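Q: Dropping in my_file_9.cif, which is mmCIF, C-alpha atoms:
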```cif
data_query
#
loop_
_atom_site.label_atom_id
_atom_site.label_comp_id
_atom_site.auth_asym_id
_atom_site.auth_seq_id
_atom_site.Cartn_x
_atom_site.Cartn_y
_atom_site.Cartn_z
CA MET C 1 -15.76 -12.99 -26.17
CA HIS C 2 -18.12 -10.92 -28.24
CA ARG C 3 -20.74 -13.54 -29.10
CA GLY C 4 -23.82 -12.08 -30.70
CA HIS C 5 -22.14 -9.02 -32.22
CA ARG C 6 -21.93 -8.54 -35.96
CA THR C 7 -18.45 -9.40 -37.08
CA ASP C 8 -18.35 -7.67 -40.46
CA THR C 9 -16.46 -4.69 -39.09
CA GLU C 10 -14.89 -3.63 -42.37
CA GLY C 11 -12.59 -0.67 -42.51
CA TRP C 12 -9.17 0.58 -41.53
CA TYR C 13 -7.50 -0.05 -38.18
CA THR C 14 -4.33 1.12 -36.49
CA LEU C 15 -2.24 -1.61 -34.89
CA GLU C 16 -1.39 -0.60 -31.34
CA GLY C 17 1.45 -1.91 -29.19
CA ALA C 18 1.29 -5.62 -28.41
CA VAL C 19 0.20 -6.70 -24.94
CA ASP C 20 0.25 -10.06 -23.18
CA HIS C 21 -3.43 -10.25 -22.26
CA PRO C 22 -5.55 -12.23 -22.93
CA ALA C 23 -2.64 -14.11 -24.55
CA PRO C 24 1.01 -13.37 -25.32
CA VAL C 25 1.51 -11.04 -28.28
CA THR C 26 -2.06 -9.78 -28.48
CA ILE C 27 -2.32 -6.78 -30.80
CA PRO C 28 -5.12 -4.28 -30.12
CA LEU C 29 -6.69 -2.74 -33.22
CA ARG C 30 -7.99 0.83 -33.01
CA PRO C 31 -10.75 1.45 -35.55
CA ASP C 32 -10.78 4.56 -37.68
CA ALA C 33 -13.46 7.03 -36.70
CA GLY C 34 -15.48 6.28 -39.85
CA ASN C 35 -15.75 2.52 -39.21
CA ASP C 36 -19.19 1.14 -38.35
CA MET C 37 -18.27 -1.04 -35.37
CA CYS C 38 -21.86 -2.23 -34.84
CA GLY C 39 -21.56 -1.57 -31.12
CA ARG C 40 -18.48 -3.72 -30.87
CA THR C 41 -15.36 -2.92 -28.84
CA GLY C 42 -12.13 -4.74 -28.14
CA PHE C 43 -11.09 -5.72 -31.67
CA LEU C 44 -7.79 -7.66 -31.48
CA ILE C 45 -5.33 -9.94 -33.21
CA HIS C 46 -4.90 -12.77 -30.70
CA ALA C 47 -4.25 -16.48 -30.13
CA ASP C 48 -6.78 -19.28 -30.45
CA ASN C 49 -8.35 -21.11 -27.52
CA VAL C 50 -6.02 -24.04 -26.80
CA ALA C 51 -8.73 -26.10 -25.07
CA PHE C 52 -11.37 -25.40 -27.74
CA PRO C 53 -9.68 -24.51 -31.05
CA GLY C 54 -11.82 -22.28 -33.23
CA TRP C 55 -13.76 -20.85 -30.28
CA ALA C 56 -11.39 -18.10 -29.14
CA SER C 57 -13.37 -15.30 -30.70
CA ASP C 58 -16.49 -14.13 -32.44
CA GLY C 59 -14.93 -11.69 -34.83
CA CYS C 60 -11.37 -10.85 -33.81
CA ILE C 61 -8.49 -11.87 -36.02
CA VAL C 62 -7.24 -15.18 -34.61
CA ILE C 63 -3.68 -16.26 -35.40
CA GLY C 64 -2.74 -19.24 -33.29
CA ASP C 65 0.98 -19.16 -34.09
CA ARG C 66 2.70 -16.85 -31.60
CA ALA C 67 5.69 -16.40 -33.95
CA LYS C 68 3.37 -15.09 -36.69
CA ARG C 69 1.78 -12.60 -34.28
CA ALA C 70 5.28 -11.54 -33.21
CA ALA C 71 6.25 -11.10 -36.87
CA ILE C 72 3.30 -8.75 -37.33
CA ARG C 73 4.29 -6.87 -34.15
CA ASP C 74 7.90 -6.54 -35.34
CA SER C 75 7.13 -5.77 -38.99
CA GLY C 76 6.64 -2.03 -38.65
CA ILE C 77 3.16 -2.33 -40.17
CA THR C 78 0.86 0.14 -38.46
CA ARG C 79 -2.32 -0.04 -40.56
CA LEU C 80 -4.64 -2.90 -41.49
CA GLU C 81 -7.69 -2.96 -43.74
CA VAL C 82 -10.43 -5.46 -42.91
CA VAL C 83 -12.48 -6.45 -45.94
CA ARG C 84 -15.31 -8.86 -46.33
#
```
Rewrite the structure from the file as structure tokens, please.
A:
Amino acid sequence: MHRGHRTDTEGWYTLEGAVDHPAPVTIPLRPDAGNDMCGRTGFLIHADNVAFPGWASDGCIVIGDRAKRAAIRDSGITRLEVVR
């Protein structure tokens, strides 16, 4: 997806409404204005690659279990801090 980008995009993110692309219960993450995104866009919580596990992303938060992603969606949590 974002191969070649730095993936240490520390900082605070707002969880946006879940969508079903590229996989069911994908949660877009909107970075705070002060985050150094290193030129990166499209930061998500999403599923793993079924055909090639472990290769779904180069920096997004990958949670393969759909029920766990749904639990995050339904939790009421709206903010997430990414730390290294």
Q: Any chance you could resolve the PyMOL selection byres ((chain C and resi 74) around 12) against this file and give the residues as a PyMOL selection string?
A: chain C and resi 15-18+25+27+67-73+75-78
Q: Pick the closest to Met37 of chain C from C:Gly59, C:Pro24, C:Gly64, C:Gly54: which is it, counting all atoms listed in the file?
A: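 Looking at the shortest contact to Met37 of chain C, the residue is C:Gly59.
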Q: For segment 30-32 of chain C, work out the shell of residues within 7 Å, counting only C-alpha atoms and skipping chain neighbours fewer than 2 positions away, then give it as a PyMOL selection string.
A: chain C and resi 12-16+28+34-35
Q: Quick one: distance from atom CA of Gly11 of chain C to atom CA of Ala33 of chain C in Å, one decimal?
A: 9.7 Å
Q: Pick from C:Glu81, C:Thr41, C:Thr9, C:His46: nearest to His21 of chain C, with only C-alpha atoms counted?
A: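 Residue with the minimum atom-to-atom distance to His21 of chain C: C:His46.
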Q: Given the choices C:Ala23, C:Leu29, C:Arg79, C:Gly39, which gets closest to Ile61 of chain C if the distance is worked out from only C-alpha atoms?
A: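 When distances to Ile61 of chain C are compared using only C-alpha atoms, the smallest one comes from C:Leu29.
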Q: With only C-alpha atoms as the atoms that count, which of C:Ala56, C:Asp65, C:Thr26, C:Leu80 lies nearest to Leu44 of chain C?
A: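 Among the listed residues, the smallest separation from Leu44 of chain C belongs to C:Thr26.
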